[in-house]
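Written out below as structure tokens is the structure these notes cover.
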Amino acid sequence: MLAACLGMAAAHLVAALTNPQASPVYAVGGTVIDATPTPVKEWAVRTFGTADKAILVGSVLAVTLLLAAAAGVVARRRSGLGTALLVGLVALAGAAALHRPGASASDVVPSLVAAAVGTGTLTALLRTRPRAAPTDPSRRTFLLGAGVVALAGVAMAGAGQWIVKARARISDIVLPRVTAPLPDLPAGLDAKHPGISAFRTPNRSFYRVDTKLAVPLVDHTRWRLHVDGMVERELSFSYDELRDLAVEEHDITLTCVSNTVGGKLVGAARWLGVPVRTLLEQAGPSPRADQVLSIDVDDFRISTPLPALTDRPALVALGMNGSVLPREHGFPARLVTPGLYGFVGATKWLETLRLTTYERDEAYWTRRGWATDAPIKLSSRIDTPRPLATVAAGRRAIGGVAWAQHVGVAAVEVRLDGGPWQSATLGPDAGVDYWRQWYLAWDATPGKHQIAVRAIGQDGTEQTAVRASSFPAGSSGIQEIVVTVA
Ligand SMILES: Nc1nc2c(c(=O)[nH]1)N[C@H]1C(S)=C(S)[C@@H](COP(=O)(O)O)O[C@H]1N2
Ligand SMILES: [Mo]
């Protein structure tokens, strides 16, 4: 196990300097993500939320250590066979790294390092291993050696993490000034009623959902955005050229299809970028094209119905809430399509917009059974009080957020203890693609209480009470929580 740890740590360090995604743990984890059946993945995101990545990496490490332990037990009797098993284990990681979409031949290097360091350590440890009674002095030598190996492993893995962090820093990029900047957002209800989600979600607390274990470190000076496929003119832009076209800002609420009713996979931000419409007009799409495949730097593909990119202010975004797009959220550029769940319209680390047809091309999630066209369902959430909380009796606010992207929220209603639906007060309006905060004053009396919420869209649609799971087109239902007033 120690030998495997040191090997993986050394590989992690080497990968940090070259391509972090080629670290054996991430290469295997990424392969697991791509191969996991949809129901299992849906369960994982639903159960673990944005901790799903940490849990996957932990599981890969745990399984690796178990297999390494088995190899170690074998190695005690037949060291050659034990070493061979360890090499076999690393070979799996190497194969995984080479088969990741967008991988290059050099991605096998970290695994080669893992093999060399792992087998070398195993041989050395086996040589110093004590054979006699617990009082044998060689035992101390072995324990000391083992300690040194463990420390070296921690140091190398830590150094790898640090290097990736340092490489991920984005400096000296200035966002362009847009021609018609939006006015500052008004103060939200959260200023007066603590517990309600901030009107604008800060970048660092914005939810993150994607299939990457290591965030892509794209060099924006060499990166280009391509528009190709069924177009009259193929286009290609450098980052600076795109900045010159970045003329619009939009307030858009992004939602993940895996968000459960009352869940946290939703965030609201001000995006700055190039209208997709502008790019499409320049390229001249063929009238036969009906979908746009947006392809990221690792060849991950999302598909968006073409009309959704032209009939609303969809953006190739370079900025988020006044800063350069953070790496976690897609630097250098990402797609943002108002009204569609992220998996059909919010491609991060965008590299290509390809005009094509649904008949000809299939995207990552479509192949896994998810909906091809997935408008965000009208929904609302209670932020305060928290479910199952105990709160003090007296006057307080029940509040939260509601969204009906591309339609707009007309009203939010609250039901207390199964009584009639009461109208909540809505917070400021930042357009139909942005969420609305809401609150209702409540005289909380001692005892247990049930609180439910529903939203009504500006087109008259009421949020449905019919429960649906996230797969394949988004969850539905009404959130009802229980709180105790003491
Ligand atoms: N390249 C890439 N883009 C992606 C994804 C992904 O896995 N890879 N996930 C999508 C999904 S499912 C969602 S909900 C949004 C989330 O965007 P965020 O992480 O910035 O909140 O990104 C979308 N864009
Ligand atoms: Mo998502």
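Chain identifiers are assigned as A, B, and so on, following the order in which chains appear in the structure tokens; residues are numbered from 1 within each chain, and ligands are numbered from 1 in order of appearance.
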At a cut-off of 9 Å and counting only C-alpha atoms and all ligand atoms, what residues surround ligand 1? Please answer as a PDB file with C-alpha atoms, in the first residue's frame.
ATOM      1  CA  ASN A 203     -18.568  33.072  -7.904  1.00  0.00           C
ATOM      2  CA  PHE A 206     -21.714  29.164  -7.260  1.00  0.00           C
ATOM      3  CA  TYR A 207     -22.528  25.446  -7.617  1.00  0.00           C
ATOM      4  CA  ARG A 208     -20.260  23.428  -9.867  1.00  0.00           C
ATOM      5  CA  VAL A 209     -21.315  20.386 -11.888  1.00  0.00           C
ATOM      6  CA  ASP A 210     -19.218  18.756 -14.587  1.00  0.00           C
ATOM      7  CA  THR A 211     -17.474  15.523 -15.469  1.00  0.00           C
ATOM      8  CA  LYS A 212     -13.939  16.820 -14.797  1.00  0.00           C
ATOM      9  CA  LEU A 254     -28.285  28.683 -14.272  1.00  0.00           C
ATOM     10  CA  THR A 255     -29.855  25.428 -13.116  1.00  0.00           C
ATOM     11  CA  CYS A 256     -28.657  21.830 -13.220  1.00  0.00           C
ATOM     12  CA  VAL A 257     -31.051  19.146 -14.403  1.00  0.00           C
ATOM     13  CA  SER A 258     -29.901  17.087 -11.405  1.00  0.00           C
ATOM     14  CA  ASN A 259     -31.255  19.697  -9.014  1.00  0.00           C
ATOM     15  CA  LEU A 265     -27.752  23.178  -7.890  1.00  0.00           C
ATOM     16  CA  VAL A 266     -28.924  26.587  -9.047  1.00  0.00           C
ATOM     17  CA  GLY A 267     -27.168  29.939  -9.092  1.00  0.00           C
ATOM     18  CA  SER A 294     -20.698  22.759 -28.336  1.00  0.00           C
ATOM     19  CA  ILE A 295     -17.446  20.951 -27.806  1.00  0.00           C
ATOM     20  CA  ASP A 296     -15.052  21.559 -24.942  1.00  0.00           C
ATOM     21  CA  VAL A 297     -11.254  21.367 -24.920  1.00  0.00           C
ATOM     22  CA  ASP A 298     -11.442  17.646 -24.021  1.00  0.00           C
ATOM     23  CA  ASP A 299     -13.952  16.843 -26.759  1.00  0.00           C
ATOM     24  CA  PHE A 300     -16.860  16.693 -24.290  1.00  0.00           C
ATOM     25  CA  ARG A 301     -20.046  17.489 -26.245  1.00  0.00           C
ATOM     26  CA  ILE A 302     -23.233  19.269 -25.296  1.00  0.00           C
ATOM     27  CA  PRO A 326     -13.156  31.342 -13.101  1.00  0.00           C
ATOM     28  CA  GLU A 328     -14.096  26.031 -12.434  1.00  0.00           C
ATOM     29  CA  HIS A 329     -16.800  27.775 -14.409  1.00  0.00           C
ATOM     30  CA  GLY A 330     -15.218  27.412 -17.821  1.00  0.00           C
ATOM     31  CA  ARG A 334     -18.417  29.104 -21.851  1.00  0.00           C
ATOM     32  CA  LEU A 335     -21.847  28.948 -23.313  1.00  0.00           C
ATOM     33  CA  VAL A 336     -24.801  30.265 -21.301  1.00  0.00           C
ATOM     34  CA  TYR A 341     -30.605  23.234 -18.076  1.00  0.00           C
ATOM     35  CA  GLY A 342     -26.806  23.385 -17.983  1.00  0.00           C
ATOM     36  CA  PHE A 343     -26.315  20.008 -19.652  1.00  0.00           C
ATOM     37  CA  VAL A 344     -27.931  21.266 -22.866  1.00  0.00           C
ATOM     38  CA  GLY A 345     -26.723  24.824 -22.985  1.00  0.00           C
ATOM     39  CA  ALA A 346     -23.889  25.818 -20.652  1.00  0.00           C
ATOM     40  CA  THR A 347     -20.726  24.214 -22.054  1.00  0.00           C
ATOM     41  CA  LYS A 348     -17.641  25.211 -20.104  1.00  0.00           C
ATOM     42  CA  TRP A 349     -14.090  25.338 -21.525  1.00  0.00           C
ATOM     43  CA  LEU A 350     -15.746  25.856 -24.879  1.00  0.00           C
ATOM     44  CA  TYR A 364     -22.584  13.174 -24.145  1.00  0.00           C
ATOM     45  CA  TRP A 365     -25.771  13.163 -22.078  1.00  0.00           C
TER      46      TRP A 365
END
Inset, instruction - Pick out the residues sitting within 10 Å of segment 331-333 of chain A, and hand them over as a PyMOL selection string; count only C-alpha atoms, and ignore anything fewer than 2 positions along from it in its own chain. - result: chain A and resi 168+170+215-221+223-225+239+242+273-274+296+315-319+324-329+335-336+347-351
Residues as selected, C-alpha atoms, written as a JSON list (two decimals), in the first residue's frame, can you do that?
[["chain", "number", "residue", "atom", "x", "y", "z"],
["A", 168, "ALA", "CA", -4.68, 27.90, -12.29],
["A", 170, "ILE", "CA", -5.54, 33.90, -13.85],
["A", 215, "VAL", "CA", -10.18, 21.53, -13.91],
["A", 216, "PRO", "CA", -8.81, 22.08, -17.45],
["A", 217, "LEU", "CA", -5.90, 24.54, -17.44],
["A", 218, "VAL", "CA", -6.48, 26.21, -20.77],
["A", 219, "ASP", "CA", -3.81, 28.64, -22.01],
["A", 220, "HIS", "CA", -5.96, 31.47, -23.37],
["A", 221, "THR", "CA", -3.11, 32.86, -25.47],
["A", 223, "TRP", "CA", -6.79, 28.85, -27.31],
["A", 224, "ARG", "CA", -9.21, 29.59, -30.16],
["A", 225, "LEU", "CA", -12.96, 29.40, -30.51],
["A", 239, "TYR", "CA", -9.30, 35.20, -27.00],
["A", 242, "LEU", "CA", -13.51, 37.45, -28.87],
["A", 273, "GLY", "CA", -19.76, 37.93, -23.40],
["A", 274, "VAL", "CA", -20.41, 37.63, -27.08],
["A", 296, "ASP", "CA", -15.05, 21.56, -24.94],
["A", 315, "LEU", "CA", -23.87, 34.17, -24.73],
["A", 316, "VAL", "CA", -20.38, 32.90, -25.18],
["A", 317, "ALA", "CA", -19.44, 34.25, -21.78],
["A", 318, "LEU", "CA", -15.98, 35.49, -20.83],
["A", 319, "GLY", "CA", -16.96, 37.17, -17.59],
["A", 324, "VAL", "CA", -12.90, 36.91, -15.67],
["A", 325, "LEU", "CA", -14.67, 33.54, -15.85],
["A", 326, "PRO", "CA", -13.16, 31.34, -13.10],
["A", 327, "ARG", "CA", -11.49, 28.13, -14.28],
["A", 328, "GLU", "CA", -14.10, 26.03, -12.43],
["A", 329, "HIS", "CA", -16.80, 27.77, -14.41],
["A", 335, "LEU", "CA", -21.85, 28.95, -23.31],
["A", 336, "VAL", "CA", -24.80, 30.26, -21.30],
["A", 347, "THR", "CA", -20.73, 24.21, -22.05],
["A", 348, "LYS", "CA", -17.64, 25.21, -20.10],
["A", 349, "TRP", "CA", -14.09, 25.34, -21.53],
["A", 350, "LEU", "CA", -15.75, 25.86, -24.88],
["A", 351, "GLU", "CA", -13.67, 25.33, -28.00]]
Inset, instruction - Select from segment 292-481 of chain A everything DSSP, run on the backbone, classes as alpha helix (DSSP H), then give the selection as a list of chain:residue names. - result: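 Reading the DSSP output for segment 292-481 of chain A, alpha helix (DSSP H) covers A:Leu306, A:Pro307, A:Ala308, A:Leu309, A:Thr310, A:Tyr364, A:Trp365, A:Thr366, A:Arg367.
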Produce a file of the selected residues containing N, CA and C atoms, as a short mmCIF file (atom, residue, chain, number, x, y, z; two decimals), in the first residue's frame.
data_model
loop_
_atom_site.label_atom_id
_atom_site.label_comp_id
_atom_site.auth_asym_id
_atom_site.auth_seq_id
_atom_site.Cartn_x
_atom_site.Cartn_y
_atom_site.Cartn_z
N LEU A 306 -30.84 24.66 -32.04
CA LEU A 306 -30.42 25.92 -32.68
C LEU A 306 -31.32 27.11 -32.35
N PRO A 307 -32.67 26.94 -32.39
CA PRO A 307 -33.52 28.12 -32.12
C PRO A 307 -33.26 28.72 -30.74
N ALA A 308 -32.92 27.88 -29.75
CA ALA A 308 -32.71 28.40 -28.40
C ALA A 308 -31.49 29.30 -28.32
N LEU A 309 -30.63 29.23 -29.34
CA LEU A 309 -29.43 30.08 -29.30
C LEU A 309 -29.63 31.39 -30.03
N THR A 310 -30.76 31.50 -30.74
CA THR A 310 -30.97 32.72 -31.50
C THR A 310 -32.20 33.50 -31.04
N TYR A 364 -22.97 14.04 -25.27
CA TYR A 364 -22.58 13.17 -24.14
C TYR A 364 -23.79 12.67 -23.35
N TRP A 365 -24.65 13.58 -22.93
CA TRP A 365 -25.77 13.16 -22.08
C TRP A 365 -26.89 12.52 -22.88
N THR A 366 -27.06 12.97 -24.12
CA THR A 366 -28.11 12.39 -24.96
C THR A 366 -27.84 10.89 -25.14
N ARG A 367 -26.56 10.57 -25.34
CA ARG A 367 -26.17 9.17 -25.52
C ARG A 367 -26.49 8.36 -24.26
#
Legend entry - Nearest residue to Ala9 of chain A from the set A:Ser111, A:Ser236, A:Ser379, A:Thr390 (distances using only C-alpha atoms):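 When distances to Ala9 of chain A are compared using only C-alpha atoms, the smallest one comes from A:Ser111.
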Find the nearest atom pair between each residue of segment 331-431 of chain A and segment 460-482 of chain A for residues within 12 Å, count only C-alpha atoms, give distances in Å to one decimal, sort rows by chain and ascending number, and present the table as a Markdown table.
| residue | atom | partner | partner_atom | distance |
| --- | --- | --- | --- | --- |
| A:Leu340 | CA | A:Ala473 | CA | 10.4 |
| A:Tyr341 | CA | A:Gly474 | CA | 8.2 |
| A:Gly342 | CA | A:Gly474 | CA | 10.9 |
| A:Phe343 | CA | A:Ala473 | CA | 10.3 |
| A:Val344 | CA | A:Ala473 | CA | 10.4 |
| A:Trp365 | CA | A:Pro472 | CA | 9.6 |
| A:Thr366 | CA | A:Pro472 | CA | 9.4 |
| A:Arg367 | CA | A:Pro472 | CA | 11.7 |
| A:Arg368 | CA | A:Pro472 | CA | 9.5 |
| A:Gly369 | CA | A:Pro472 | CA | 6.9 |
| A:Trp370 | CA | A:Pro472 | CA | 4.5 |
| A:Ala371 | CA | A:Pro472 | CA | 5.4 |
| A:Thr372 | CA | A:Ala473 | CA | 8.6 |
| A:Asp373 | CA | A:Ala473 | CA | 8.1 |
| A:Ala374 | CA | A:Ala473 | CA | 5.7 |
| A:Pro375 | CA | A:Ala473 | CA | 8.0 |
| A:Ile376 | CA | A:Gly474 | CA | 7.2 |
| A:Lys377 | CA | A:Gly474 | CA | 6.9 |
| A:Leu378 | CA | A:Gln463 | CA | 5.9 |
| A:Ser379 | CA | A:Gln463 | CA | 6.2 |
| A:Ser380 | CA | A:Gln479 | CA | 7.7 |
| A:Arg381 | CA | A:Gln479 | CA | 6.7 |
| A:Ile382 | CA | A:Gln479 | CA | 7.5 |
| A:Asp383 | CA | A:Ile481 | CA | 10.4 |
| A:Thr384 | CA | A:Ile481 | CA | 10.2 |
| A:Pro385 | CA | A:Ile481 | CA | 8.9 |
| A:Arg386 | CA | A:Ile481 | CA | 7.9 |
| A:Pro387 | CA | A:Ile481 | CA | 5.1 |
| A:Leu388 | CA | A:Val482 | CA | 5.3 |
| A:Ala389 | CA | A:Val482 | CA | 7.8 |
| A:Thr390 | CA | A:Val482 | CA | 9.5 |
| A:Val391 | CA | A:Val482 | CA | 11.2 |
| A:Ile398 | CA | A:Ile481 | CA | 11.3 |
| A:Gly400 | CA | A:Gln479 | CA | 11.4 |
| A:Val401 | CA | A:Gln479 | CA | 11.9 |
| A:Ala402 | CA | A:Gln463 | CA | 10.2 |
| A:Trp403 | CA | A:Gln463 | CA | 10.2 |
| A:Ala404 | CA | A:Gln463 | CA | 9.5 |
| A:Val407 | CA | A:Thr461 | CA | 9.7 |
| A:Gly408 | CA | A:Gly460 | CA | 10.1 |
| A:Val409 | CA | A:Gly460 | CA | 9.3 |
| A:Ala410 | CA | A:Gly460 | CA | 7.8 |
| A:Ala411 | CA | A:Glu462 | CA | 9.3 |
| A:Val412 | CA | A:Gln463 | CA | 9.5 |
| A:Glu413 | CA | A:Glu462 | CA | 10.1 |
| A:Val414 | CA | A:Glu480 | CA | 9.7 |
| A:Arg415 | CA | A:Glu480 | CA | 8.7 |
| A:Leu416 | CA | A:Glu480 | CA | 9.4 |
| A:Asp417 | CA | A:Val482 | CA | 9.2 |
| A:Gly418 | CA | A:Glu480 | CA | 9.9 |
Legend entry - Nearest-residue call for ligand 2, choices A:Pro24, A:Ile33, A:Gly284, A:Gly49, using only C-alpha atoms and all ligand atoms: A:Gly49
Legend entry - Selection near Leu272 of chain A, 9 Å with only C-alpha atoms, sequence-local residues under 6 positions removed, as a list of chain:residue names: A:Leu175, A:Pro176, A:Val178, A:Ala246, A:Val247, A:Glu248, A:Glu249, A:His250, A:Asp251, A:Leu315, A:Val316, A:Ala317, A:Leu318, A:Gly319, A:Met320, A:Asn321, A:Gly322
Inset, instruction - List every residue of segment 251-441 of chain A that DSSP, applied to the backbone of this structure, assigns to strand (DSSP E), and report them as a PyMOL selection string. - result: chain A and resi 251-255+266-275+291-296+301-305+315-320+323-324+334-336+350-356+379-384+390-391+394-403+409-416+421-423+425-426+436-441
Legend entry - For segment 184-190 of chain A: contacts at 7 Å, only C-alpha atoms, fewer than 2 positions along chain excluded, given as a VMD selection string: chain A and resid 182 192 to 199 427 to 428 437
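Of the residues listed (A:Ala54, A:Asp34, A:Leu143, A:Arg46), A:Arg46 shows the shortest atom-to-atom separation from ligand 2; distances use only C-alpha atoms and all ligand atoms.
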Inset, instruction - Give the answer as one residue: which of A:His449, A:Lys264, A:His99, A:Arg270 has the shortest atom-to-atom distance to ligand 2, using only C-alpha atoms and all ligand atoms? - result: A:Lys264
Inset, instruction - Check the smallest atom-to-atom distance from each of A:Phe48, A:Thr425, A:Val231, A:Arg396 to Ala441 of chain A using only C-alpha atoms, then report the winner. - result: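 The shortest atom-to-atom distance to Ala441 of chain A comes from A:Arg396.
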Inset, instruction - Tell me which protein, DNA and RNA residues are within 9 Å of segment 146-159 of chain A, counting only C-alpha atoms, leaving out same-chain ones fewer than 5 positions away, and put them as number ranges by chain. - result: A: 2-3, 5-13, 16, 121, 125, 141, 164
